[in-house]
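Undergrad: Supplied in structure tokens, the structure appears directly below.
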Amino acid sequence: MEESGATVRRLMAAKEESEKSFSDVAAETGLTNVYVAQLLRRQAQLKPDTAPALKAALPALTDELVELMMQPPFRSYHPDIVHEPAIYRLNEAVMHFGESIKEIINEEFGDGIMSAIDFYCSVDKVRGADGKDRVVVTFDGKYLPYTEQKSEHMMSRPTRKTS
């Protein structure tokens, strides 16, 4: 895990050297700002077609770092991170509004969930009606319906004859 921590520090140093924000890099690469942060934190895999744009946006990225970024990451988080106030508040918001969000998903789509794999996320800053800055977090996930589990649809089971 320390090797991963060292890699993340090197990736973040390349971003710092560029003096660009995650949103700046996102605009240059066509990615979302959250996905750029995920790439630099080794929580997402850099695709070969995206590598040239990321290298152009962050010239301090070495070929070695780019190669590491193209390997499948170990997606995880440090268990103490939930104590970080911004993350704690995001968890609190999801827990507080989660049941209502689930009910609306079920009402609008049916019995199912939002994918966290076929998923886009961005963070934006807007000016509120009161003139104060507001944070907009957008979760954009594919709808995945639960399926009725009929044995005839289960391709991994051998065909059984009934008497």
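How things are named: the first chain in the structure tokens is A, the next is B, and so on; residues count from 1 in each chain; ligands count from 1 in the order shown.
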Just the residues within 6 Å of segment 63-75 of chain A, please, counting only C-alpha atoms, with nothing from its chain fewer than 3 positions along; format it as number ranges by chain.

TA: A: 42-43, 45-46

Undergrad: With C-alpha atoms retained, export the selected residues as a short mmCIF file (atom, residue, chain, number, x, y, z; two decimals), in the first residue's frame.

TA:
data_model
loop_
_atom_site.label_atom_id
_atom_site.label_comp_id
_atom_site.auth_asym_id
_atom_site.auth_seq_id
_atom_site.Cartn_x
_atom_site.Cartn_y
_atom_site.Cartn_z
CA ARG A 42 -5.14 5.81 -8.48
CA GLN A 43 -8.83 5.09 -8.03
CA GLN A 45 -7.63 3.28 -14.70
CA LEU A 46 -6.17 5.57 -17.36
#

Undergrad: Step one, run DSSP on the backbone; step two, keep only residues of segment 19-126 of chain A assigned to strand (DSSP E or B); then write them as a VMD selection string.

TA: chain A and resid 112 to 126

Undergrad: Residues of the last selection are to be written out with all heavy atoms, as a compact mmCIF listing (two decimals), in the first residue's frame.

TA:
# COMPACT_ATOMS: atom_id res chain seq x y z
N GLY A 112 -34.76 -1.20 -8.77
CA GLY A 112 -33.39 -1.23 -9.26
C GLY A 112 -32.51 -0.24 -8.52
O GLY A 112 -32.93 0.35 -7.52
N ILE A 113 -31.31 -0.07 -9.03
CA ILE A 113 -30.32 0.80 -8.40
C ILE A 113 -29.59 1.64 -9.44
O ILE A 113 -29.71 1.40 -10.64
CB ILE A 113 -29.28 -0.03 -7.60
CG1 ILE A 113 -28.51 -0.96 -8.55
CG2 ILE A 113 -29.94 -0.79 -6.46
CD1 ILE A 113 -27.32 -1.66 -7.92
N MET A 114 -28.80 2.58 -8.96
CA MET A 114 -27.92 3.35 -9.82
C MET A 114 -26.54 2.69 -9.78
O MET A 114 -26.01 2.40 -8.71
CB MET A 114 -27.80 4.79 -9.31
CG MET A 114 -26.83 5.64 -10.11
SD MET A 114 -26.68 7.33 -9.51
CE MET A 114 -25.95 7.08 -7.92
N SER A 115 -25.97 2.47 -10.95
CA SER A 115 -24.65 1.88 -11.04
C SER A 115 -23.60 2.86 -10.51
O SER A 115 -23.69 4.07 -10.74
CB SER A 115 -24.32 1.56 -12.50
OG SER A 115 -22.98 1.14 -12.62
N ALA A 116 -22.61 2.33 -9.83
CA ALA A 116 -21.45 3.13 -9.43
C ALA A 116 -20.25 2.77 -10.30
O ALA A 116 -19.15 3.23 -10.06
CB ALA A 116 -21.13 2.91 -7.96
N ILE A 117 -20.49 1.93 -11.33
CA ILE A 117 -19.44 1.56 -12.27
C ILE A 117 -19.66 2.30 -13.59
O ILE A 117 -18.78 2.96 -14.10
CB ILE A 117 -19.38 0.04 -12.47
CG1 ILE A 117 -18.95 -0.62 -11.16
CG2 ILE A 117 -18.43 -0.33 -13.61
CD1 ILE A 117 -19.03 -2.12 -11.16
N ASP A 118 -20.87 2.21 -14.16
CA ASP A 118 -21.22 3.01 -15.33
C ASP A 118 -21.75 4.32 -14.75
O ASP A 118 -22.96 4.53 -14.60
CB ASP A 118 -22.28 2.28 -16.17
CG ASP A 118 -22.54 2.96 -17.50
OD1 ASP A 118 -22.14 4.13 -17.66
OD2 ASP A 118 -23.15 2.32 -18.37
N PHE A 119 -20.83 5.19 -14.38
CA PHE A 119 -21.13 6.29 -13.48
C PHE A 119 -20.25 7.49 -13.81
O PHE A 119 -19.07 7.33 -14.12
CB PHE A 119 -20.82 5.80 -12.05
CG PHE A 119 -21.10 6.78 -10.95
CD1 PHE A 119 -22.37 6.88 -10.43
CD2 PHE A 119 -20.09 7.56 -10.42
CE1 PHE A 119 -22.63 7.75 -9.38
CE2 PHE A 119 -20.34 8.44 -9.38
CZ PHE A 119 -21.62 8.53 -8.87
N TYR A 120 -20.83 8.65 -13.79
CA TYR A 120 -20.10 9.91 -13.96
C TYR A 120 -20.36 10.76 -12.73
O TYR A 120 -21.46 10.73 -12.17
CB TYR A 120 -20.58 10.66 -15.21
CG TYR A 120 -20.38 9.90 -16.48
CD1 TYR A 120 -21.33 8.99 -16.93
CD2 TYR A 120 -19.22 10.06 -17.23
CE1 TYR A 120 -21.13 8.27 -18.10
CE2 TYR A 120 -19.02 9.34 -18.40
CZ TYR A 120 -19.98 8.46 -18.82
OH TYR A 120 -19.79 7.74 -19.97
N CYS A 121 -19.36 11.52 -12.34
CA CYS A 121 -19.51 12.40 -11.19
C CYS A 121 -18.74 13.68 -11.47
O CYS A 121 -17.65 13.66 -12.03
CB CYS A 121 -18.96 11.71 -9.93
SG CYS A 121 -19.20 12.65 -8.42
N SER A 122 -19.33 14.80 -11.08
CA SER A 122 -18.63 16.07 -11.20
C SER A 122 -18.99 16.95 -10.01
O SER A 122 -20.03 16.75 -9.37
CB SER A 122 -18.97 16.79 -12.52
OG SER A 122 -20.33 17.16 -12.52
N VAL A 123 -18.12 17.89 -9.73
CA VAL A 123 -18.35 18.88 -8.68
C VAL A 123 -18.26 20.24 -9.34
O VAL A 123 -17.28 20.53 -10.04
CB VAL A 123 -17.33 18.76 -7.53
CG1 VAL A 123 -17.56 19.84 -6.49
CG2 VAL A 123 -17.39 17.38 -6.90
N ASP A 124 -19.28 21.04 -9.14
CA ASP A 124 -19.31 22.37 -9.74
C ASP A 124 -19.63 23.42 -8.69
O ASP A 124 -20.20 23.12 -7.64
CB ASP A 124 -20.36 22.41 -10.86
CG ASP A 124 -20.01 21.45 -11.99
OD1 ASP A 124 -19.02 21.73 -12.70
OD2 ASP A 124 -20.70 20.43 -12.14
N LYS A 125 -19.27 24.65 -9.00
CA LYS A 125 -19.52 25.79 -8.13
C LYS A 125 -20.51 26.70 -8.83
O LYS A 125 -20.32 27.05 -10.00
CB LYS A 125 -18.19 26.52 -7.90
CG LYS A 125 -18.27 27.76 -7.06
CD LYS A 125 -16.86 28.34 -6.92
CE LYS A 125 -16.85 29.67 -6.24
NZ LYS A 125 -15.47 30.22 -6.15
N VAL A 126 -21.59 27.04 -8.13
CA VAL A 126 -22.59 27.96 -8.67
C VAL A 126 -22.87 29.04 -7.64
O VAL A 126 -22.58 28.88 -6.45
CB VAL A 126 -23.91 27.24 -9.07
CG1 VAL A 126 -23.67 26.21 -10.16
CG2 VAL A 126 -24.57 26.62 -7.88

Undergrad: Would you mind reading off the distance between atom CA of Tyr88 of chain A and atom CA of Arg41 of chain A, one decimal, in Å?

TA: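 Pair atom CA of Tyr88 of chain A / atom CA of Arg41 of chain A returns 19.0 Å.
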
Undergrad: Using only C-alpha atoms, which residues sit within 10 Å of Leu61 of chain A once same-chain residues fewer than 2 positions away are excluded, as a compact mmCIF listing (two decimals) with N, CA, C and O atoms, in the first residue's frame?

TA:
# COMPACT_ATOMS: atom_id res chain seq x y z
N ARG A 10 3.46 11.25 -6.12
CA ARG A 10 4.15 11.66 -7.35
C ARG A 10 3.14 12.21 -8.37
O ARG A 10 3.42 13.19 -9.07
N LEU A 11 1.98 11.57 -8.47
CA LEU A 11 0.96 12.04 -9.40
C LEU A 11 0.44 13.42 -8.99
O LEU A 11 0.27 14.31 -9.83
N MET A 12 0.20 13.59 -7.71
CA MET A 12 -0.30 14.88 -7.23
C MET A 12 0.77 15.97 -7.38
O MET A 12 0.45 17.12 -7.66
N ALA A 13 2.04 15.59 -7.25
CA ALA A 13 3.13 16.55 -7.46
C ALA A 13 3.15 17.02 -8.91
O ALA A 13 3.40 18.20 -9.19
N ALA A 14 2.88 16.11 -9.84
CA ALA A 14 2.82 16.48 -11.26
C ALA A 14 1.68 17.47 -11.50
O ALA A 14 1.83 18.44 -12.26
N LYS A 15 0.56 17.27 -10.83
CA LYS A 15 -0.56 18.22 -10.94
C LYS A 15 -0.16 19.57 -10.36
O LYS A 15 -0.40 20.61 -10.97
N GLU A 17 2.77 20.85 -10.00
CA GLU A 17 3.76 21.49 -10.86
C GLU A 17 3.09 22.21 -12.03
O GLU A 17 3.57 23.24 -12.50
N SER A 18 1.98 21.67 -12.50
CA SER A 18 1.27 22.28 -13.63
C SER A 18 0.53 23.55 -13.22
O SER A 18 0.16 24.36 -14.07
N LEU A 54 -3.84 13.57 -21.24
CA LEU A 54 -3.45 13.79 -19.84
C LEU A 54 -1.99 14.21 -19.75
O LEU A 54 -1.64 15.12 -18.98
N LYS A 55 -1.13 13.57 -20.55
CA LYS A 55 0.28 13.95 -20.57
C LYS A 55 0.46 15.39 -21.07
O LYS A 55 1.30 16.13 -20.57
N ALA A 56 -0.35 15.80 -22.03
CA ALA A 56 -0.27 17.18 -22.53
C ALA A 56 -0.73 18.16 -21.45
O ALA A 56 -0.15 19.25 -21.31
N ALA A 57 -1.73 17.78 -20.69
CA ALA A 57 -2.24 18.66 -19.64
C ALA A 57 -1.30 18.72 -18.44
O ALA A 57 -1.20 19.75 -17.77
N LEU A 58 -0.63 17.60 -18.18
CA LEU A 58 0.29 17.51 -17.03
C LEU A 58 1.66 17.06 -17.52
O LEU A 58 2.01 15.88 -17.44
N PRO A 59 2.46 17.99 -18.05
CA PRO A 59 3.74 17.62 -18.66
C PRO A 59 4.71 16.92 -17.72
O PRO A 59 5.60 16.20 -18.18
N ASP A 63 6.65 8.75 -18.26
CA ASP A 63 6.14 7.55 -18.92
C ASP A 63 5.87 6.45 -17.89
O ASP A 63 4.91 5.71 -18.00
N GLU A 64 6.73 6.37 -16.87
CA GLU A 64 6.55 5.37 -15.81
C GLU A 64 5.23 5.59 -15.08
O GLU A 64 4.48 4.64 -14.84
N LEU A 65 4.93 6.84 -14.73
CA LEU A 65 3.67 7.13 -14.04
C LEU A 65 2.47 6.83 -14.92
O LEU A 65 1.47 6.28 -14.46
N VAL A 66 2.56 7.18 -16.18
CA VAL A 66 1.46 6.90 -17.12
C VAL A 66 1.24 5.39 -17.21
O VAL A 66 0.10 4.92 -17.20

Undergrad: Could you pull out all residues of segment 24-112 of chain A with a DSSP call of alpha helix (DSSP H) and give them as JSON, numbers by chain?

TA: {"A": [24, 25, 26, 27, 28, 29, 33, 34, 35, 36, 37, 38, 39, 40, 51, 52, 53, 54, 55, 56, 57, 63, 64, 65, 66, 67, 68, 69, 85, 86, 87, 88, 89, 90, 91, 92, 93, 94, 95, 96, 97, 98, 99, 100, 101, 102, 103, 104, 105, 106, 107, 108, 109]}

Undergrad: Save the residues we just selected, C-alpha atoms, as an mmCIF file, in the first residue's frame?

TA:
data_model
loop_
_atom_site.group_PDB
_atom_site.id
_atom_site.type_symbol
_atom_site.label_atom_id
_atom_site.label_comp_id
_atom_site.auth_asym_id
_atom_site.auth_seq_id
_atom_site.Cartn_x
_atom_site.Cartn_y
_atom_site.Cartn_z
ATOM 1 C CA ASP A 24 -8.579 22.824 -15.655
ATOM 2 C CA VAL A 25 -7.180 19.371 -16.425
ATOM 3 C CA ALA A 26 -10.711 18.074 -17.002
ATOM 4 C CA ALA A 27 -11.403 20.820 -19.538
ATOM 5 C CA GLU A 28 -8.188 19.985 -21.406
ATOM 6 C CA THR A 29 -8.778 16.221 -21.442
ATOM 7 C CA ASN A 33 -13.061 16.900 -12.725
ATOM 8 C CA VAL A 34 -13.856 14.062 -10.312
ATOM 9 C CA TYR A 35 -12.549 11.467 -12.781
ATOM 10 C CA VAL A 36 -9.286 13.411 -13.135
ATOM 11 C CA ALA A 37 -8.955 13.361 -9.349
ATOM 12 C CA GLN A 38 -9.749 9.627 -9.336
ATOM 13 C CA LEU A 39 -7.029 9.008 -11.925
ATOM 14 C CA LEU A 40 -4.446 10.981 -9.946
ATOM 15 C CA ALA A 51 -3.090 9.136 -21.973
ATOM 16 C CA PRO A 52 -1.815 11.644 -24.601
ATOM 17 C CA ALA A 53 -4.302 14.319 -23.515
ATOM 18 C CA LEU A 54 -3.451 13.791 -19.843
ATOM 19 C CA LYS A 55 0.281 13.953 -20.571
ATOM 20 C CA ALA A 56 -0.274 17.175 -22.529
ATOM 21 C CA ALA A 57 -2.240 18.660 -19.641
ATOM 22 C CA ASP A 63 6.137 7.547 -18.920
ATOM 23 C CA GLU A 64 6.555 5.368 -15.815
ATOM 24 C CA LEU A 65 3.668 7.133 -14.037
ATOM 25 C CA VAL A 66 1.457 6.898 -17.116
ATOM 26 C CA GLU A 67 2.191 3.157 -17.346
ATOM 27 C CA LEU A 68 1.267 2.758 -13.662
ATOM 28 C CA MET A 69 -1.947 4.710 -14.232
ATOM 29 C CA PRO A 85 -15.437 16.820 7.536
ATOM 30 C CA ALA A 86 -16.166 17.187 3.800
ATOM 31 C CA ILE A 87 -16.465 13.417 3.374
ATOM 32 C CA TYR A 88 -18.430 13.045 6.605
ATOM 33 C CA ARG A 89 -20.957 15.622 5.333
ATOM 34 C CA LEU A 90 -21.290 13.851 1.973
ATOM 35 C CA ASN A 91 -21.983 10.585 3.799
ATOM 36 C CA GLU A 92 -24.425 12.400 6.061
ATOM 37 C CA ALA A 93 -26.267 13.875 3.062
ATOM 38 C CA VAL A 94 -26.550 10.483 1.350
ATOM 39 C CA MET A 95 -27.732 8.848 4.589
ATOM 40 C CA HIS A 96 -30.251 11.636 5.257
ATOM 41 C CA PHE A 97 -31.655 11.807 1.715
ATOM 42 C CA GLY A 98 -30.909 8.200 0.681
ATOM 43 C CA GLU A 99 -34.265 6.661 1.526
ATOM 44 C CA SER A 100 -36.129 9.363 -0.401
ATOM 45 C CA ILE A 101 -33.734 9.062 -3.355
ATOM 46 C CA LYS A 102 -34.277 5.290 -3.368
ATOM 47 C CA GLU A 103 -38.056 5.759 -3.329
ATOM 48 C CA ILE A 104 -37.893 8.161 -6.279
ATOM 49 C CA ILE A 105 -35.614 5.792 -8.235
ATOM 50 C CA ASN A 106 -38.131 2.997 -7.648
ATOM 51 C CA GLU A 107 -41.077 5.243 -8.552
ATOM 52 C CA GLU A 108 -39.466 6.603 -11.723
ATOM 53 C CA PHE A 109 -37.595 3.510 -12.949
#

Undergrad: Please indicate the distance in Å from atom CA of Lys142 of chain A to atom CA of Tyr77 of chain A, rounded to one decimal place.

TA: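 If I compute the distance from atom CA of Lys142 of chain A to atom CA of Tyr77 of chain A, I get 23.1 Å.
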
Undergrad: Quick one: distance from atom CA of Ser76 of chain A to atom CA of Val136 of chain A in Å, one decimal?

TA: 24.1 Å
